[in-house]
Structures are given as structure tokens and as C-alpha cells.
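As C-alpha cells, the structure follows; a few thoughts come after it.
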Amino acid sequence: MSLDETVQELADRLGVALVVLDHDLKVAAFSVHDTDARLARLARLLAGSAAPVTESLVREHRLRQAEHGVRVSRPGGELVVLPLRHEQHLIGYVYYVEDRATPRPGDLEALESAAPEIGVLLALRISDRRHGEENSRQLLAELLGESPAARSKAAETLVRDNFIEDVEHYAVLVLRAPESSSKSLTRLAVEATLEFTRRSTTVKIVGAVLGAEGIVLFPRPVNHDRLERALAGPGLEAVVAGVGSVKPSLTEAVDSYHEARLAHRASSLDPSRYGKRVFWDDLGLDRLFLQLPLDRLTPSQFPAGVRRLLDAPHGAELAATLEGYLDSGGEIQGAARRLSIHRSTLYYRLDRIRELTGCDITDGSIRLELHAGLRIARLTGLWPHE
């Protein structure tokens with residue numbers, strides 16, 4: 001029998017909801033139930049961060065060293081946890097919550113008797129999963145690579161081998177931890193996204209760490225709220241997510257990948273505007289600016305009016321004033337509200353800007369030149385200091 005069939009047969013025999021975890025406490029298998037009480041019991045066991053078996057519980061009760069089942073008293077019922085081993089190596093745990101008024105004698109002994117078989121089947125599943133993960137990682141690298149022939153072959157294999165669905169809308173998510181963090185944080189973000197999606201939907205997605213980037217391929221648009229929930233775990237708030245737009249075929253997913261990378265770049269260049277979760281569809285004109293060689297631009301390459309403003313005393317204040325004014329379409333009342341200043345202050349600063357730049361800021365073409373120049377100054381890091 002398979003791992004799922006073995007767990008199901010044992011759960012039916014014991015009358016409990018069983019969950020099997022791998023060494024990293026990720027769900028590897030669980031029993032399926034058709035009564036409301038058992039469904040509710042199973043839902044509690046699979047409740048994400050609220051799941052009863054945690055690293056702290058493993059340490060507190062020395063579960064890694066335990067040779068037999070361990071009973072842990074807790075609200076809502078006694079937790080029964082049994083370590084699983086294969087060839088004398090700990091590979092996971094099987095557990096259930098005993099919330100029946102009268103526990104049946106011999107249940108723990110029956111669980112311990114089945115543990116060796118479950119351990120063997122879990123080891124096989126882990127091996128298959130690792131093999132599948134390596135295959136999907138290689139296919140994902142080829143799908144997003146430079147060779148059109150390799151992309152086409154990888155797309156065909158991903159669908160044929162059931163790694164992802166054959167649909168007409170694919171989007172790529174790029175995840176990256178801060179440079180000061182370890183690569184493992186990026187891996188954790190990928191795993192959290194995969195795990196959240198598996199638990200909350202029936203959609204099949206592919207994810208891997210390629211170089212310094214975490215990549216997740218979705219057969220549908222990426223939902224902002226679900227992405228936030230997937231990356232809500234401890235430490236993951238520092239991970240930046242860039243999301244590409246939807247493409248009509250797997251072979252075009254590489255274009256979504258490039259967009260996701262640019263969206264990620266937008267966060268690093270202007271975090272106050274974009275935050276940590278950036279979608280290509282929300283970038284506006286920055287889509288073009290982010291593809292410029294921003295790291296090679298110098299102040300001398302900016303239009304004269306922008307250059308004078310950036311070099312002026314109190315340049316940061318005046319530049320921000322002009323930016324707010326232009327962002328508001330030149331409407332005084334709206335600009336004053338946006339900048340949280342009085343209209344008379346705004347008029348005074350605009351007069352100073354006219355004097356410094358020598359520009360007529362009521363002229364449409366001049367406004368475009370100033371607005372684009374200021375935006376690029378922000379993205380290049382050439383914005384004046386306070």
C-alpha cells in the first residue's frame with residue numbers, strides 16, 4: 001500500500017485523524033474523514049502555524065530521542081506523537097489528538113506497531129519528493145533560460161509530468177531576501193509560498209531557488225492578499241517579492257520572469273513608494289525607467305533644470321515640492337494636501353523653483369522633462385540629501 005492508503009487504513013481502525021510529518025514538520029500525509037466531527041478534528045491538526053507539533057514542542061519533550069509514543073497534555077485533548085525512523089534515522093512523526101471522552105486501550109500500541117511500515121513509506125515519499133524537486137528546479141531553470149528550444153522542451157515536460165497545469169495564463173513570482181540575510185531565508189520564502197498554495201487551493205505551482213533568487217511559477221495571476229498571507233511568517237517580512245504579469249503560454253513565462261525581476265528592483269530603488277510586494281502591473285512609467293542603465297547615469301546627463309534643482313541649497317525640499325506638485329497634475333490645492341503644507345508655502349517654493357531652474361513649470365513639455373528627470377533621480381539614488 002501507499003503511504004496515504006496505509007495512514008487512512010490505520011486512522012479508520014483507530015478512529016482518529018492521523019497526520020504524518022517529515023523531519024522538517026511539513027505535512028507528508030493525512031487521513032481523510034467524512035463526518036463533521038472528524039473533519040473538524042483534522043482541520044485543527046492542519047491549521048498551519050496553529051498546528052500542535054512545533055519545533056518548541058519537539059525540543060521540550062525530547063521527541064527526537066523518543067523510542068515510543070509521547071503523550072502531551074494540552075487544551076482540547078491529549079496530543080499523541082510518535083517519532084518515525086528508517087534505517088535508524090529519524091525522518092518524521094505521526095500524531096493525533098485524543099479528544100474522545102473514553103480513549104480506547106491499545107491504540108498507542110497499534111500505532112507503534114504500524115510505525116516501521118509508515119517510516120519506510122515516508123522515506124520513499126521523501127526520496128520521490130526530493131527527486132521531483134530537483135527535476136522541477138532544472139526544468140524551471142531551462143524554462144526561464146536563454147534558449148528558445150530549451151524553453152519549449154521544458155514547458156512541454158512540466159505539463160506532461162504534471163508539475164503544473166496546462167492553461168492559458170502563467171505568472172512568475174521572484175523572491176529575494178536582503179543581502180545581509182542568508183540564502184536559506186529565500187528558500188524559506190519559496191517553501192512558505194508553495195506550502196500555503198497547496199493548503200489553500202488545488203492549484204499546482206512550481207518553485208525553486210535559482211542562484212540568489214527564489215522563483216515560483218503560477219498557472220494563474222498572483223493574488224496580492226494571498227501573497228501577503230503566504231509570506232506572513234517570522235522573518236519573511238524582510239523578503240521582497242516581485243510579480244510579473246500574466247502570459248498566455250509557458251514558453252512566454254520568461255517574459256513574466258523579467259518583469260518580476262524589474263518589479264523587485266523597484267522595491268530596492270524606491271522602498272517608500274513600493275514596499276515589499278511589488279507587481280509589474282502597478283509600476284506605470286517606471287516600467288521603462290527601470291530598464292535604463294540607472295547605475296551608469298550621472299548628474300551631468302540630466303536636463304539642465306533638473307540638474308540645477310538637485311544641486312541647489314535645500315534641493316531635497318524643493319525637489320520633493322516640485323515632485324508633489326507635478327504628481328498632483330499642477331493643481332495647487334491637491335499638491336498642498338499631498339505635501340502637508342499651506343498653499344502660501346507652496347506658492348513661495350514654486351517661485352524659488354522657477355528662479356533656480358529657469359523653467360516655466362506651466363509648460364507641458366517642460367513639466368514632462370522635470371517630472372521624468374526627478375523620477376529617474378530617485379531611482380538612481382541621485383536625489384539630493386536633506
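By order in the C-alpha cells, chains are A, B, ...; within a chain, residues start at 1; ligands start at 1, following the order shown.
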- Message: Excluding Ala189 of chain A and its own-chain neighbours fewer than 6 positions away, which residues fall within 8 Å of it when counting only C-alpha atoms? Please give them as a list of chain:residue names.
- Response: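 Non-adjacent residues within range: A:Leu175, A:Gly214, A:Leu231, A:Leu236, A:Val239.
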- Min atom-atom distance to Arg229 of chain A from the set A:Glu60, A:Glu9, A:Glu195, A:Asp255, counting only C-alpha atoms, belongs to A:Glu195
- Query: Nearest to Ala238 of chain A among A:Leu158, A:Leu185, A:Leu318, A:Ala212, with distances taken over only C-alpha atoms: which residue is it?
  - Reply: A:Leu185
- Neighbours of Leu356 of chain A within 8 Å (only C-alpha atoms; same-chain residues fewer than 6 positions away dropped), as an MDAnalysis selection string? chainID A and resid 305 308:309 312
- Members of segment 217-314 of chain A assigned strand (DSSP E or B) by DSSP, as a PyMOL selection string: chain A and resi 217-218+240-243+247+277-279
- Give me the residues within 9 Å of Ser256 of chain A as number ranges by chain, counting only C-alpha atoms and dropping any in the same chain fewer than 4 places off. A: 170-173, 243-247, 252, 260-261, 280
For the selection you just gave me, I'd like the residues written to a file as a PDB file, in the first residue's frame, keeping N, CA and C atoms.
```pdb
ATOM      1  N   TYR A 170      -0.004  32.307 -17.231  1.00  0.00           N
ATOM      2  CA  TYR A 170       1.077  31.981 -16.307  1.00  0.00           C
ATOM      3  C   TYR A 170       1.734  33.271 -15.819  1.00  0.00           C
ATOM      4  N   ALA A 171       2.104  33.275 -14.538  1.00  0.00           N
ATOM      5  CA  ALA A 171       2.784  34.431 -13.955  1.00  0.00           C
ATOM      6  C   ALA A 171       3.928  33.951 -13.076  1.00  0.00           C
ATOM      7  N   VAL A 172       4.976  34.753 -13.004  1.00  0.00           N
ATOM      8  CA  VAL A 172       6.166  34.386 -12.233  1.00  0.00           C
ATOM      9  C   VAL A 172       6.338  35.336 -11.061  1.00  0.00           C
ATOM     10  N   LEU A 173       6.681  34.745  -9.931  1.00  0.00           N
ATOM     11  CA  LEU A 173       6.977  35.474  -8.704  1.00  0.00           C
ATOM     12  C   LEU A 173       8.464  35.315  -8.397  1.00  0.00           C
ATOM     13  N   VAL A 243       6.418  40.585  -8.816  1.00  0.00           N
ATOM     14  CA  VAL A 243       5.448  39.745  -9.521  1.00  0.00           C
ATOM     15  C   VAL A 243       5.297  40.232 -10.953  1.00  0.00           C
ATOM     16  N   GLY A 244       5.478  39.316 -11.908  1.00  0.00           N
ATOM     17  CA  GLY A 244       5.302  39.648 -13.310  1.00  0.00           C
ATOM     18  C   GLY A 244       3.848  39.547 -13.736  1.00  0.00           C
ATOM     19  N   SER A 245       3.558  40.052 -14.920  1.00  0.00           N
ATOM     20  CA  SER A 245       2.187  39.989 -15.430  1.00  0.00           C
ATOM     21  C   SER A 245       1.899  38.615 -16.012  1.00  0.00           C
ATOM     22  N   VAL A 246       0.637  38.369 -16.299  1.00  0.00           N
ATOM     23  CA  VAL A 246       0.195  37.080 -16.811  1.00  0.00           C
ATOM     24  C   VAL A 246       0.555  36.952 -18.295  1.00  0.00           C
ATOM     25  N   LYS A 247       1.078  35.776 -18.664  1.00  0.00           N
ATOM     26  CA  LYS A 247       1.424  35.484 -20.061  1.00  0.00           C
ATOM     27  C   LYS A 247       0.578  34.317 -20.563  1.00  0.00           C
ATOM     28  N   GLU A 252       6.269  31.707 -22.788  1.00  0.00           N
ATOM     29  CA  GLU A 252       6.358  33.155 -22.598  1.00  0.00           C
ATOM     30  C   GLU A 252       6.491  33.540 -21.126  1.00  0.00           C
ATOM     31  N   ALA A 260       9.030  40.430 -13.318  1.00  0.00           N
ATOM     32  CA  ALA A 260       9.086  40.241 -11.864  1.00  0.00           C
ATOM     33  C   ALA A 260      10.413  40.734 -11.304  1.00  0.00           C
ATOM     34  N   ARG A 261      11.495  40.514 -12.019  1.00  0.00           N
ATOM     35  CA  ARG A 261      12.806  40.986 -11.572  1.00  0.00           C
ATOM     36  C   ARG A 261      12.845  42.519 -11.538  1.00  0.00           C
ATOM     37  N   TRP A 280       4.291  44.125 -11.329  1.00  0.00           N
ATOM     38  CA  TRP A 280       4.627  44.787 -12.587  1.00  0.00           C
ATOM     39  C   TRP A 280       3.484  45.677 -13.066  1.00  0.00           C
TER      40      TRP A 280
END
```
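The interatomic distance for the pair atom CA of Leu326 of chain A and atom CA of Arg367 of chain A works out to 7.2 Å.
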- Message: Can you pull out the residues contacting segment 106-117 of chain A? Cut-off 9 Å, using only C-alpha atoms, and skip same-chain residues under 6 positions away; I want them as a list in words.
- Response: Leu3, Thr6, Leu10, Leu14, His68, Gly69, Val80, Leu82, Pro83, Leu84, Arg85, His86 and Val94 of chain A
Those selected residues, please, written with C-alpha atoms and delivered as a PDB file, in the first residue's frame.
```pdb
ATOM      1  CA  LEU A   3       1.683   5.990   2.439  1.00  0.00           C
ATOM      2  CA  THR A   6      -1.610   2.962   4.995  1.00  0.00           C
ATOM      3  CA  LEU A  10      -4.790   2.903  10.320  1.00  0.00           C
ATOM      4  CA  LEU A  14      -8.113   3.610  15.409  1.00  0.00           C
ATOM      5  CA  HIS A  68       7.980   5.229  21.891  1.00  0.00           C
ATOM      6  CA  GLY A  69       4.897   7.392  21.557  1.00  0.00           C
ATOM      7  CA  VAL A  80      -0.082  11.642  20.962  1.00  0.00           C
ATOM      8  CA  LEU A  82       5.288   9.017  17.681  1.00  0.00           C
ATOM      9  CA  PRO A  83       8.718   9.529  16.033  1.00  0.00           C
ATOM     10  CA  LEU A  84       9.196   7.718  12.712  1.00  0.00           C
ATOM     11  CA  ARG A  85      12.534   6.183  11.781  1.00  0.00           C
ATOM     12  CA  HIS A  86      14.012   4.476   8.759  1.00  0.00           C
ATOM     13  CA  VAL A  94       2.937  10.633  13.128  1.00  0.00           C
TER      14      VAL A  94
END
```
Skipping near chain neighbours, those fewer than 6 positions away, what residues fall within 12 Å of segment 336-342 of chain A using only C-alpha atoms, listed as a PDB file with N, CA and C atoms, in the first residue's frame?
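As a result, part-v6.pdb now contains:
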```
ATOM      1  N   GLU A 317      14.173  69.501  -0.363  1.00  0.00           N
ATOM      2  CA  GLU A 317      12.851  70.061  -0.075  1.00  0.00           C
ATOM      3  C   GLU A 317      12.198  70.586  -1.343  1.00  0.00           C
ATOM      4  N   LEU A 318      12.966  71.307  -2.155  1.00  0.00           N
ATOM      5  CA  LEU A 318      12.405  71.883  -3.375  1.00  0.00           C
ATOM      6  C   LEU A 318      12.081  70.800  -4.406  1.00  0.00           C
ATOM      7  N   ALA A 319      12.947  69.807  -4.511  1.00  0.00           N
ATOM      8  CA  ALA A 319      12.686  68.711  -5.445  1.00  0.00           C
ATOM      9  C   ALA A 319      11.417  67.965  -5.048  1.00  0.00           C
ATOM     10  N   ALA A 320      11.252  67.685  -3.742  1.00  0.00           N
ATOM     11  CA  ALA A 320      10.058  66.997  -3.261  1.00  0.00           C
ATOM     12  C   ALA A 320       8.816  67.852  -3.503  1.00  0.00           C
ATOM     13  N   THR A 321       8.956  69.165  -3.361  1.00  0.00           N
ATOM     14  CA  THR A 321       7.826  70.065  -3.610  1.00  0.00           C
ATOM     15  C   THR A 321       7.410  70.011  -5.072  1.00  0.00           C
ATOM     16  N   LEU A 322       8.403  70.089  -5.965  1.00  0.00           N
ATOM     17  CA  LEU A 322       8.083  70.043  -7.392  1.00  0.00           C
ATOM     18  C   LEU A 322       7.500  68.681  -7.772  1.00  0.00           C
ATOM     19  N   GLU A 323       8.051  67.620  -7.213  1.00  0.00           N
ATOM     20  CA  GLU A 323       7.541  66.284  -7.485  1.00  0.00           C
ATOM     21  C   GLU A 323       6.080  66.166  -7.050  1.00  0.00           C
ATOM     22  N   GLY A 324       5.769  66.641  -5.839  1.00  0.00           N
ATOM     23  CA  GLY A 324       4.398  66.589  -5.347  1.00  0.00           C
ATOM     24  C   GLY A 324       3.454  67.429  -6.187  1.00  0.00           C
ATOM     25  N   TYR A 325       3.935  68.588  -6.622  1.00  0.00           N
ATOM     26  CA  TYR A 325       3.136  69.468  -7.469  1.00  0.00           C
ATOM     27  C   TYR A 325       2.820  68.793  -8.811  1.00  0.00           C
ATOM     28  N   LEU A 326       3.839  68.171  -9.407  1.00  0.00           N
ATOM     29  CA  LEU A 326       3.651  67.504 -10.693  1.00  0.00           C
ATOM     30  C   LEU A 326       2.827  66.234 -10.543  1.00  0.00           C
ATOM     31  N   ASP A 327       3.014  65.507  -9.432  1.00  0.00           N
ATOM     32  CA  ASP A 327       2.197  64.317  -9.176  1.00  0.00           C
ATOM     33  C   ASP A 327       0.721  64.678  -9.055  1.00  0.00           C
ATOM     34  N   SER A 328       0.444  65.897  -8.632  1.00  0.00           N
ATOM     35  CA  SER A 328      -0.942  66.355  -8.463  1.00  0.00           C
ATOM     36  C   SER A 328      -1.476  67.033  -9.720  1.00  0.00           C
ATOM     37  N   GLY A 329      -0.731  66.923 -10.813  1.00  0.00           N
ATOM     38  CA  GLY A 329      -1.187  67.493 -12.077  1.00  0.00           C
ATOM     39  C   GLY A 329      -1.153  69.002 -12.094  1.00  0.00           C
ATOM     40  N   GLY A 330      -0.330  69.607 -11.232  1.00  0.00           N
ATOM     41  CA  GLY A 330      -0.225  71.059 -11.187  1.00  0.00           C
ATOM     42  C   GLY A 330      -1.372  71.728 -10.465  1.00  0.00           C
ATOM     43  N   TYR A 348       5.343  79.984  -2.577  1.00  0.00           N
ATOM     44  CA  TYR A 348       6.697  80.505  -2.344  1.00  0.00           C
ATOM     45  C   TYR A 348       7.742  79.542  -2.911  1.00  0.00           C
ATOM     46  N   ARG A 349       7.585  78.259  -2.620  1.00  0.00           N
ATOM     47  CA  ARG A 349       8.576  77.279  -3.091  1.00  0.00           C
ATOM     48  C   ARG A 349       8.552  77.157  -4.609  1.00  0.00           C
ATOM     49  N   LEU A 350       7.381  77.233  -5.207  1.00  0.00           N
ATOM     50  CA  LEU A 350       7.307  77.150  -6.665  1.00  0.00           C
ATOM     51  C   LEU A 350       8.010  78.336  -7.314  1.00  0.00           C
TER      52      LEU A 350
END
```
- Task: Give me the residues within 9 Å of Asp286 of chain A as number ranges by chain, counting only C-alpha atoms and dropping any in the same chain fewer than 2 places off.
- Result: A: 266, 283-284, 288-291, 375-376, 379
- Message: Among segment 232-384 of chain A, which residues does DSSP mark as helix (DSSP H, G or I) when it is run on the backbone? Keep the chain and numbering as in the structure and answer as JSON, numbers by chain.
- Response: {"A": [236, 237, 238, 250, 251, 252, 253, 254, 255, 256, 257, 258, 259, 260, 261, 262, 263, 264, 265, 266, 267, 268, 269, 271, 272, 273, 274, 280, 281, 282, 286, 287, 288, 289, 294, 295, 296, 299, 300, 301, 304, 305, 306, 307, 308, 309, 310, 311, 315, 316, 317, 318, 319, 320, 321, 322, 323, 324, 325, 326, 327, 332, 333, 334, 335, 336, 337, 338, 339, 343, 344, 345, 346, 347, 348, 349, 350, 351, 352, 353, 354, 355, 356, 357, 364, 365, 366, 367, 368, 369, 370, 371, 372, 373, 374, 375, 376, 377, 378, 379, 380]}
- Which one of A:Ile118, A:Val254, A:Leu139, A:Ala241 sits closest to Ala208 of chain A if you count only C-alpha atoms? A:Leu139
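When only C-alpha atoms are used to compute distances to Pro248 of chain A, the closest of the residues A:Glu142, A:Asp24, A:Asp295, A:Asp166 turns out to be A:Asp166.
Taking only C-alpha atoms into account, Arg125 of chain A lies nearest to A:Ser2 out of the set A:Ser73, A:Ser2, A:Thr186, A:Thr202.
Straight-line separation from atom CA of Glu87 of chain A to atom CA of Arg129 of chain A: 18.7 Å.
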- Task: Please indicate the distance in Å from atom CA of Ser180 of chain A to atom CA of Ser268 of chain A, rounded to one decimal place.
- Result: 13.6 Å
